[in-house]
>>> print(open('entry.cif').read())   # mmCIF, C-alpha atoms
data_work
#
loop_
_atom_site.label_atom_id
_atom_site.label_comp_id
_atom_site.auth_asym_id
_atom_site.auth_seq_id
_atom_site.Cartn_x
_atom_site.Cartn_y
_atom_site.Cartn_z
CA MET A 1 85.00 88.22 78.07
CA ASN A 2 88.54 88.13 76.64
CA ILE A 3 91.33 90.67 76.73
CA THR A 4 93.80 90.68 73.83
CA ILE A 5 97.16 92.42 74.12
CA LYS A 6 99.94 92.81 71.57
CA PRO A 7 103.64 93.32 72.32
CA ALA A 8 104.97 96.83 72.86
CA LYS A 9 108.51 98.17 72.88
CA THR A 10 107.73 101.59 74.35
CA LEU A 11 104.89 103.12 76.34
CA LYS A 12 104.43 106.73 77.36
CA GLY A 13 101.82 108.89 79.02
CA GLU A 14 100.22 110.31 82.13
CA VAL A 15 97.34 108.47 83.82
CA LYS A 16 95.45 108.46 87.11
CA ALA A 17 95.57 105.50 89.49
CA PRO A 18 92.13 104.14 90.39
CA PRO A 19 90.91 104.73 93.95
CA SER A 20 91.94 102.18 96.57
CA LYS A 21 89.67 99.15 96.77
CA SER A 22 90.82 98.29 100.29
CA TYR A 23 90.22 101.81 101.62
CA THR A 24 86.83 102.01 99.90
CA HIS A 25 85.59 98.75 101.45
CA ARG A 26 86.62 99.82 104.94
CA ALA A 27 85.40 103.40 104.67
CA VAL A 28 81.98 102.29 103.41
CA ILE A 29 81.54 99.70 106.17
CA ILE A 30 82.76 101.92 109.01
CA ALA A 31 80.74 104.95 107.81
CA SER A 32 77.68 102.68 107.70
CA LEU A 33 78.22 102.04 111.42
CA ALA A 34 78.52 105.75 112.23
CA LYS A 35 75.11 107.25 113.02
CA GLY A 36 74.69 110.33 110.87
CA LYS A 37 75.87 111.53 107.47
CA SER A 38 79.30 110.72 106.04
CA LYS A 39 80.67 111.68 102.64
CA ILE A 40 83.25 109.39 101.02
CA ARG A 41 84.99 111.24 98.20
CA ASP A 42 86.57 109.57 95.16
CA PRO A 43 85.53 105.99 96.05
CA LEU A 44 86.22 103.00 93.85
CA ILE A 45 82.95 101.83 92.35
CA SER A 46 83.66 98.27 91.26
CA ALA A 47 82.08 94.83 91.49
CA ASP A 48 83.77 94.18 94.85
CA THR A 49 82.98 97.49 96.50
CA LEU A 50 79.38 97.36 95.28
CA ALA A 51 79.07 94.08 97.19
CA SER A 52 80.05 95.93 100.39
CA ILE A 53 77.72 98.84 99.58
CA ASP A 54 74.78 96.48 99.09
CA ALA A 55 75.61 94.54 102.27
CA CYS A 56 75.68 97.79 104.27
CA ARG A 57 72.32 98.82 102.83
CA GLU A 58 70.95 95.56 104.27
CA ILE A 59 71.91 96.63 107.80
CA GLY A 60 70.01 99.89 107.43
CA ALA A 61 72.61 102.30 106.04
CA GLU A 62 71.29 104.66 103.37
CA ILE A 63 73.94 104.92 100.65
CA GLU A 64 73.70 107.21 97.64
CA ILE A 65 76.19 106.90 94.78
CA ASP A 66 76.62 110.50 93.60
CA LYS A 67 78.31 110.09 90.22
CA LYS A 68 78.19 113.81 89.41
CA ASN A 69 80.27 114.74 92.46
CA ASN A 70 82.19 111.44 92.55
CA CYS A 71 81.27 110.57 96.11
CA LEU A 72 79.18 108.34 98.34
CA ILE A 73 76.68 109.89 100.74
CA ILE A 74 76.19 107.48 103.65
CA ASN A 75 73.62 107.85 106.42
CA GLY A 76 74.86 105.30 108.92
CA VAL A 77 73.26 103.44 111.82
CA SER A 78 74.66 103.01 115.32
CA THR A 79 73.23 99.48 115.57
CA PRO A 80 72.99 97.18 112.53
CA GLN A 81 69.45 96.21 111.55
CA ILE A 82 68.53 92.59 110.87
CA PRO A 83 68.95 91.95 107.11
CA LYS A 84 65.80 90.76 105.35
CA LYS A 85 67.74 88.33 103.14
CA THR A 86 70.97 86.38 102.83
CA ILE A 87 73.98 88.65 102.32
CA ASP A 88 75.56 87.89 98.94
CA ALA A 89 79.20 88.97 98.91
CA ARG A 90 79.48 87.84 95.29
CA ASN A 91 83.23 87.56 94.55
CA SER A 92 84.42 89.78 97.41
CA GLY A 93 86.40 88.10 100.16
CA THR A 94 86.77 91.42 101.97
CA THR A 95 82.99 91.85 102.06
CA ILE A 96 82.11 88.45 103.47
CA ARG A 97 84.93 88.37 106.01
CA ILE A 98 84.42 91.85 107.43
CA MET A 99 80.62 91.76 107.24
CA ALA A 100 80.46 88.39 109.02
CA SER A 101 81.82 90.18 112.09
CA VAL A 102 79.52 93.18 111.59
CA MET A 103 76.48 90.90 111.24
CA SER A 104 77.52 89.26 114.53
CA LEU A 105 76.29 92.44 116.24
CA CYS A 106 72.72 91.47 115.27
CA ASN A 107 70.61 89.46 117.73
CA GLU A 108 69.09 87.21 115.07
CA LYS A 109 70.68 84.73 112.68
CA VAL A 110 72.18 86.23 109.52
CA THR A 111 73.49 84.13 106.62
CA LEU A 112 76.28 85.25 104.30
CA THR A 113 77.40 83.60 101.09
CA GLY A 114 79.12 84.39 97.80
CA ASP A 115 79.95 82.96 94.39
CA SER A 116 81.66 79.62 93.75
CA SER A 117 85.11 81.14 94.41
CA ILE A 118 84.04 82.58 97.77
CA GLN A 119 82.55 79.21 98.74
CA LYS A 120 86.03 77.67 98.42
CA ARG A 121 87.81 80.22 100.63
CA PRO A 122 88.40 79.51 104.33
CA MET A 123 86.23 81.16 107.00
CA GLU A 124 86.85 78.79 109.92
CA PRO A 125 89.45 80.88 111.81
CA LEU A 126 87.00 83.79 111.95
CA LEU A 127 84.05 81.61 112.98
CA GLU A 128 86.08 80.09 115.83
CA ALA A 129 87.04 83.56 117.08
CA LEU A 130 83.43 84.75 116.90
CA ASP A 131 82.35 81.68 118.88
CA GLU A 132 84.72 82.76 121.65
CA LEU A 133 83.08 86.20 121.67
CA GLY A 134 79.63 84.73 122.30
CA VAL A 135 78.42 84.52 118.70
CA LYS A 136 76.67 81.36 117.49
CA THR A 137 78.10 80.40 114.11
CA GLU A 138 77.20 77.78 111.52
CA SER A 139 79.03 76.38 108.51
CA THR A 140 79.01 72.88 107.05
CA ASN A 141 82.67 72.89 105.97
CA GLY A 142 84.30 76.02 107.43
CA MET A 143 83.48 77.95 104.25
CA ALA A 144 80.55 79.95 102.91
CA PRO A 145 77.64 79.91 103.26
CA VAL A 146 78.04 80.80 106.93
CA SER A 147 75.55 81.99 109.54
CA VAL A 148 76.15 84.16 112.60
CA LYS A 149 73.82 85.01 115.48
CA GLY A 150 74.78 87.62 118.02
CA PRO A 151 74.86 89.87 119.72
CA MET A 152 78.64 89.84 120.04
CA LYS A 153 79.28 89.79 123.79
CA GLY A 154 82.99 90.67 123.78
CA GLY A 155 85.57 89.03 126.00
CA LYS A 156 88.71 87.30 124.77
CA CYS A 157 89.42 85.48 121.54
CA SER A 158 92.43 84.21 119.63
CA ILE A 159 92.73 84.04 115.87
CA ARG A 160 95.30 82.77 113.39
CA GLY A 161 97.21 85.47 111.57
CA ASP A 162 98.57 83.28 108.79
CA VAL A 163 95.42 82.72 106.70
CA SER A 164 93.87 86.15 106.11
CA SER A 165 94.19 89.55 107.76
CA GLN A 166 90.59 90.22 106.64
CA PHE A 167 89.35 88.08 109.55
CA ILE A 168 91.16 90.34 112.01
CA SER A 169 90.03 93.51 110.25
CA GLY A 170 86.42 92.39 110.65
CA LEU A 171 86.87 91.78 114.37
CA LEU A 172 88.61 95.14 114.86
CA ILE A 173 85.78 96.99 113.11
CA ALA A 174 82.94 95.21 114.93
CA ALA A 175 84.38 94.80 118.45
CA PRO A 176 84.01 98.47 119.53
CA LEU A 177 80.23 97.96 119.21
CA SER A 178 80.08 94.71 121.22
CA GLU A 179 78.47 94.41 124.66
CA SER A 180 81.75 94.22 126.61
CA ASP A 181 85.43 95.03 126.13
CA THR A 182 87.30 92.74 123.77
CA THR A 183 90.82 91.32 123.66
CA ILE A 184 92.03 89.81 120.37
CA GLU A 185 95.19 87.71 120.45
CA ILE A 186 97.00 86.82 117.22
CA VAL A 187 98.42 83.30 117.10
CA LYS A 188 100.84 81.95 114.49
CA SER A 189 102.66 84.36 112.19
CA LEU A 190 100.80 87.45 111.01
CA LYS A 191 100.62 87.79 107.22
CA SER A 192 99.46 90.88 105.30
CA LYS A 193 100.09 93.21 108.26
CA PRO A 194 99.84 96.38 106.12
CA TYR A 195 96.12 95.71 105.65
CA LEU A 196 95.64 95.77 109.42
CA LYS A 197 97.51 99.09 109.57
CA MET A 198 95.00 100.40 107.05
CA THR A 199 92.05 99.13 109.11
CA LEU A 200 93.40 100.60 112.35
CA TYR A 201 94.00 103.94 110.63
CA LEU A 202 90.44 104.14 109.29
CA VAL A 203 88.89 103.04 112.59
CA GLU A 204 90.79 105.91 114.22
CA GLN A 205 89.70 108.35 111.50
CA PHE A 206 86.08 107.58 112.35
CA GLY A 207 86.59 108.22 116.07
CA VAL A 208 87.39 104.84 117.66
CA ASP A 209 90.53 103.97 119.65
CA ILE A 210 92.09 100.51 119.65
CA GLU A 211 95.10 99.61 121.78
CA ASN A 212 97.58 97.75 119.57
CA ARG A 213 100.34 95.80 121.28
CA ASN A 214 102.77 95.18 118.44
CA TYR A 215 100.14 93.37 116.34
CA LYS A 216 100.13 90.49 118.82
CA LYS A 217 97.22 91.66 120.98
CA PHE A 218 94.50 94.25 120.53
CA PHE A 219 92.40 95.75 123.35
CA ILE A 220 89.07 97.33 122.39
CA ASN A 221 86.87 99.33 124.74
CA SER A 222 83.17 98.62 124.11
CA VAL A 223 81.67 101.99 125.02
CA GLN A 224 82.77 103.62 121.76
CA LYS A 225 80.80 104.86 118.76
CA TYR A 226 81.91 105.62 115.24
CA LYS A 227 81.50 109.26 114.26
CA PRO A 228 80.38 110.33 110.76
CA ARG A 229 82.81 112.43 108.71
CA GLU A 230 84.03 113.32 105.25
CA TYR A 231 86.86 111.18 103.93
CA THR A 232 88.73 111.05 100.60
CA ILE A 233 89.91 107.71 99.21
CA GLU A 234 93.50 107.72 97.98
CA GLY A 235 94.80 106.02 94.85
CA ASP A 236 95.45 102.27 94.84
CA TYR A 237 99.06 101.05 94.72
CA SER A 238 97.83 97.46 94.17
CA SER A 239 96.11 98.40 90.92
CA ALA A 240 98.81 100.88 89.93
CA SER A 241 101.38 98.07 90.22
CA PHE A 242 100.20 96.74 86.84
CA ILE A 243 100.75 100.08 85.11
CA LEU A 244 104.11 100.42 86.87
CA GLY A 245 104.92 96.88 85.73
CA ALA A 246 104.05 97.82 82.17
CA GLY A 247 106.50 100.70 82.40
CA ALA A 248 109.23 98.52 83.86
CA ILE A 249 108.89 95.71 81.33
CA THR A 250 109.21 98.08 78.33
CA GLU A 251 111.31 101.11 77.34
CA SER A 252 108.92 103.63 78.79
CA GLU A 253 108.21 106.73 80.83
CA ILE A 254 104.83 106.79 82.59
CA LYS A 255 103.52 109.21 85.19
CA ILE A 256 100.78 107.90 87.48
CA LYS A 257 98.86 110.51 89.43
CA ASN A 258 96.78 110.01 92.60
CA LEU A 259 99.43 107.96 94.43
CA SER A 260 100.20 109.36 97.88
CA ASN A 261 103.84 109.37 98.92
CA ASN A 262 102.70 109.02 102.56
CA SER A 263 100.35 106.11 101.96
CA LYS A 264 99.88 103.40 104.57
CA GLN A 265 99.23 100.87 101.82
CA GLY A 266 101.68 98.01 102.03
CA ASP A 267 101.71 97.66 98.26
CA ARG A 268 103.61 100.93 98.00
CA MET A 269 106.48 98.46 98.36
CA ILE A 270 106.14 97.91 94.59
CA LEU A 271 108.25 101.05 94.13
CA ASP A 272 111.18 99.57 96.08
CA ILE A 273 110.78 96.23 94.32
CA LEU A 274 110.89 97.80 90.86
CA GLU A 275 113.98 99.81 91.79
CA GLN A 276 115.66 96.59 92.94
CA MET A 277 114.77 95.07 89.56
CA GLY A 278 116.38 97.99 87.71
CA ALA A 279 113.60 100.50 86.94
CA LYS A 280 113.99 104.18 87.79
CA ILE A 281 111.33 105.60 90.11
CA GLU A 282 110.53 109.20 90.98
CA ALA A 283 107.95 109.55 93.76
CA GLY A 284 106.38 112.97 94.28
CA GLU A 285 103.85 113.96 96.90
CA ASP A 286 100.91 112.63 94.89
CA TYR A 287 102.39 110.94 91.83
CA VAL A 288 104.92 108.33 90.72
CA THR A 289 106.93 108.39 87.50
CA ILE A 290 108.55 105.20 86.24
CA LYS A 291 111.28 105.07 83.62
CA GLY A 292 111.85 101.58 82.31
CA SER A 293 114.54 100.21 80.05
CA GLY A 294 112.89 96.84 79.54
CA ARG A 295 116.00 95.25 81.06
CA LEU A 296 115.10 93.97 84.50
CA LYS A 297 117.09 91.73 86.83
CA GLY A 298 115.77 88.94 88.99
CA ILE A 299 115.39 89.33 92.75
CA ASP A 300 114.97 87.19 95.84
CA ILE A 301 112.01 88.55 97.80
CA ASP A 302 109.68 87.67 100.67
CA LEU A 303 106.13 88.70 99.76
CA SER A 304 104.42 87.32 102.87
CA GLN A 305 103.17 90.82 103.77
CA TYR A 306 102.34 91.84 100.19
CA PRO A 307 100.26 88.98 98.74
CA ASP A 308 98.65 91.03 95.98
CA MET A 309 102.09 91.66 94.47
CA VAL A 310 102.75 87.99 93.67
CA PRO A 311 101.16 87.81 90.18
CA ILE A 312 102.77 90.97 88.81
CA ILE A 313 106.23 90.24 90.29
CA ALA A 314 106.07 86.73 88.84
CA ALA A 315 105.20 88.17 85.42
CA LEU A 316 108.11 90.62 85.60
CA GLY A 317 110.46 87.92 86.84
CA ALA A 318 109.60 85.80 83.80
CA VAL A 319 111.43 88.31 81.54
CA SER A 320 114.14 89.43 83.96
CA LYS A 321 117.79 88.49 83.71
CA GLY A 322 118.69 85.71 86.14
CA LYS A 323 116.51 84.08 88.78
CA THR A 324 113.56 85.53 90.68
CA ILE A 325 112.55 83.80 93.91
CA ILE A 326 109.24 84.77 95.53
CA LYS A 327 109.04 83.36 99.07
CA ASN A 328 106.52 82.80 101.88
CA ILE A 329 103.40 82.95 99.73
CA GLU A 330 101.41 79.85 100.71
CA HIS A 331 98.52 82.06 101.93
CA VAL A 332 98.26 83.47 98.38
CA ARG A 333 96.73 80.13 97.40
CA TYR A 334 93.50 81.18 99.19
CA LYS A 335 92.58 84.23 97.15
CA GLU A 336 90.10 84.52 94.25
CA SER A 337 92.14 81.66 92.82
CA ASP A 338 95.17 79.70 93.95
CA ARG A 339 97.31 82.53 92.66
CA VAL A 340 100.60 80.68 93.09
CA HIS A 341 99.43 77.83 90.88
CA ALA A 342 97.45 80.02 88.48
CA ILE A 343 100.26 82.43 87.59
CA ALA A 344 102.82 79.61 87.32
CA THR A 345 100.55 77.58 85.04
CA GLU A 346 99.77 80.43 82.65
CA LEU A 347 103.30 81.84 82.46
CA LYS A 348 104.54 78.37 81.50
CA LYS A 349 102.13 78.45 78.53
CA MET A 350 103.99 81.58 77.44
CA GLY A 351 107.35 79.83 77.58
CA ALA A 352 108.40 81.04 81.03
CA ARG A 353 110.61 78.81 83.16
CA VAL A 354 108.71 78.59 86.43
CA THR A 355 109.03 76.11 89.28
CA GLU A 356 106.06 76.04 91.65
CA LEU A 357 106.77 74.94 95.21
CA LYS A 358 104.43 74.86 98.21
CA THR A 359 105.41 78.23 99.64
CA MET A 360 107.38 79.84 96.81
CA LEU A 361 107.97 80.37 93.11
CA GLU A 362 111.33 80.09 91.36
CA ILE A 363 111.51 81.78 87.97
CA GLU A 364 114.41 81.71 85.52
CA GLY A 365 114.04 84.73 83.28
CA VAL A 366 113.88 84.51 79.49
CA ASP A 367 114.40 87.32 76.99
CA LYS A 368 110.98 87.02 75.39
CA LEU A 369 107.77 85.14 76.04
CA LYS A 370 105.44 83.84 73.34
CA GLY A 371 101.87 84.93 72.83
CA ALA A 372 99.31 82.33 73.82
CA LYS A 373 95.69 81.71 74.72
CA LEU A 374 95.55 81.90 78.50
CA HIS A 375 93.06 81.23 81.28
CA GLY A 376 92.31 84.09 83.70
CA TRP A 377 91.08 81.83 86.51
CA GLY A 378 88.25 84.26 87.28
CA ASP A 379 90.86 86.39 89.07
CA HIS A 380 91.40 90.06 88.25
CA ARG A 381 95.03 90.12 89.37
CA ILE A 382 95.94 87.04 87.34
CA VAL A 383 94.33 88.52 84.21
CA MET A 384 96.08 91.88 84.57
CA ALA A 385 99.48 90.33 85.38
CA LEU A 386 99.25 88.13 82.28
CA ALA A 387 98.26 91.14 80.18
CA ILE A 388 101.43 92.92 81.31
CA ALA A 389 103.49 89.81 80.48
CA GLY A 390 101.91 89.94 77.02
CA LEU A 391 103.74 93.21 76.36
CA ARG A 392 106.96 91.17 76.15
CA ALA A 393 105.58 88.26 74.15
CA GLU A 394 106.01 87.48 70.46
CA GLY A 395 102.55 87.62 68.90
CA GLU A 396 99.29 88.44 70.59
CA THR A 397 98.15 87.14 73.94
CA VAL A 398 94.48 86.36 74.60
CA ILE A 399 93.26 85.93 78.19
CA ASP A 400 89.76 84.72 79.08
CA ASP A 401 87.75 85.59 82.22
CA ALA A 402 88.73 89.22 81.65
CA GLY A 403 85.42 90.42 83.04
CA SER A 404 86.95 89.81 86.46
CA ILE A 405 88.97 93.02 86.02
CA SER A 406 85.82 94.90 87.06
CA VAL A 407 86.47 93.69 90.62
CA SER A 408 89.24 96.25 91.20
CA PHE A 409 90.23 98.17 88.04
CA PRO A 410 87.18 98.57 85.79
CA ASN A 411 88.93 100.91 83.33
CA PHE A 412 92.19 98.91 83.09
CA ASP A 413 91.95 98.57 79.31
CA ASP A 414 91.33 102.31 78.83
CA VAL A 415 94.30 103.24 81.02
CA MET A 416 96.52 100.81 79.10
CA LYS A 417 95.41 102.41 75.83
CA GLU A 418 96.21 105.87 77.23
CA ILE A 419 99.87 104.88 77.63
CA GLY A 420 99.99 103.40 74.12
CA ALA A 421 99.34 99.69 74.63
CA ASP A 422 97.39 97.75 72.00
CA VAL A 423 94.68 96.26 74.19
CA LYS A 424 91.17 95.11 73.27
CA LEU A 425 88.30 93.71 75.29
CA SER A 426 85.84 91.42 73.50
CA ASP A 427 82.99 89.06 74.32
#
>>> encode(input="entry.cif", output="structure tokens")
Amino acid sequence: MNITIKPAKTLKGEVKAPPSKSYTHRAVIIASLAKGKSKIRDPLISADTLASIDACREIGAEIEIDKKNNCLIINGVSTPQIPKKTIDARNSGTTIRIMASVMSLCNEKVTLTGDSSIQKRPMEPLLEALDELGVKTESTNGMAPVSVKGPMKGGKCSIRGDVSSQFISGLLIAAPLSESDTTIEIVKSLKSKPYLKMTLYLVEQFGVDIENRNYKKFFINSVQKYKPREYTIEGDYSSASFILGAGAITESEIKIKNLSNNSKQGDRMILDILEQMGAKIEAGEDYVTIKGSGRLKGIDIDLSQYPDMVPIIAALGAVSKGKTIIKNIEHVRYKESDRVHAIATELKKMGARVTELKTMLEIEGVDKLKGAKLHGWGDHRIVMALAIAGLRAEGETVIDDAGSISVSFPNFDDVMKEIGADVKLSD
């Protein structure tokens, strides 16, 4: 599937941000481990979250997608059942990394795998930590497919914090249900800390306490149980960043509803970043309005804690005045694609002046890009970032692999049309 976008000088409108993918994954998995009935309101139903829903069904959770009332009804289990088949995480790194820990609670071998992209993403740090907690793990190359055989005994483990916070989130969610108390020590620098804040918040919302010592050590008591509850998923700043970017890159005024001003999402940082680049932001209790002039300025920024922001900030930097430097992003190479290389490669095809280094991008802004045929790298965030760049290109921009948008923002094209962009999806 391709997405075609034509340049736009102005955009205007009021739209709703999609529900948070990260919150939906975690709420579904934790509710599935809470014996009894939970209701998850306003969930994101996308390719990625459906992978988590299906995986949780395999451990015995009954999950109903109630489209009429826009909610999930989840009857959870206190102890995961043995899945009858291999768990297919499809393209969802969150699913395979969190569910590998959850499956470690089972006392028989469970195998997890995913698509070709997932089979290239590292799992070894998690497997080594699970080994320390008494789980028998198998993998031929430290990547999927992987097998785990519990039950998780608890004890002490250490895990790298510089590859993926998803590994740690999985351990934090599963450890309260292990046989003994657990201590998790983080070694090396912790990247993507806001995602751990999100995990800890949701664990607490479902009735479990975790002692957090400054994100260096976590102590988890094993005699805890998750409690079922009703929970509403907030809007997603990661997905909204593309609509905000569209407003910043053009002469526009766009109001985005369903964005909490008190959100724990790290990607709320996009508001500060856009203000630094010259856009005007008004943040209400549950909305954000952006007023863009189309005249942005380059910035020097460390995105080590906000990896999902790299593609869109690179796209904005490509048409900003001066230089944009995006630092400490080596871990962004291990996402759905090598996002550092992917965004640099495609922006260059549009005439952007981008220098790709091991841990950073340097971008010299140009006034206008040129429309081109681009590769989406099977990565939803690359496709959407390039679509936003296409708003400031001469001629139309065509991006392949656009079906990947369904991973996080299934109605991206409709939302773009609502604010006046000329966007078309085609086979």
>>> closest_residue(input="entry.cif", among="A:Glu362, A:Glu211, A:Glu251, A:Glu128", to="A:Gly292", atoms="all atoms listed in the file")
A:Glu251
>>> closest_residue(input="entry.cif", among="A:Pro125, A:Gly161, A:Gly245, A:Gly378", to="A:Asp400", atoms="all atoms listed in the file")
A:Gly378
>>> resolve_selection(input="entry.cif", expression="the PyMOL selection byres ((chain A and resi 247) around 12)", output="PyMOL selection string")
chain A and resi 8-14+240-246+248-256+271+274+278-281+288-296+316+388-389+391-392+416+419-421
>>> resolve_selection(input="entry.cif", expression="the PyMOL selection byres ((chain A and resi 367) around 8)", output="PyMOL selection string")
chain A and resi 319-321+365-366+368-369
>>> closest_residue(input="entry.cif", among="A:Ile312, A:Leu361, A:Ile29, A:Val383", to="A:Phe409", atoms="all atoms listed in the file")
A:Val383
>>> closest_residue(input="entry.cif", among="A:Gly351, A:Tyr306, A:Val407, A:Tyr231", to="A:Asn91", atoms="all atoms listed in the file")
A:Val407
>>> closest_residue(input="entry.cif", among="A:Thr94, A:Thr4, A:Ser192, A:Asn214", to="A:Leu303", atoms="only C-alpha atoms")
A:Ser192
>>> atom_distance(input="entry.cif", atom1="atom CA of A:Ile273", atom2="atom CA of A:Ile326")
11.6 Å
>>> resolve_selection(input="entry.cif", expression="the PyMOL selection byres ((chain A and resi 89) around 9)", output="ChimeraX atom specification")
/A:48,51-52,54-55,87-88,90-96,99,112-115,118
>>> closest_residue(input="entry.cif", among="A:Gln205, A:Ser239, A:Thr182, A:Ser164", to="A:Asn221", atoms="all atoms listed in the file")
A:Thr182
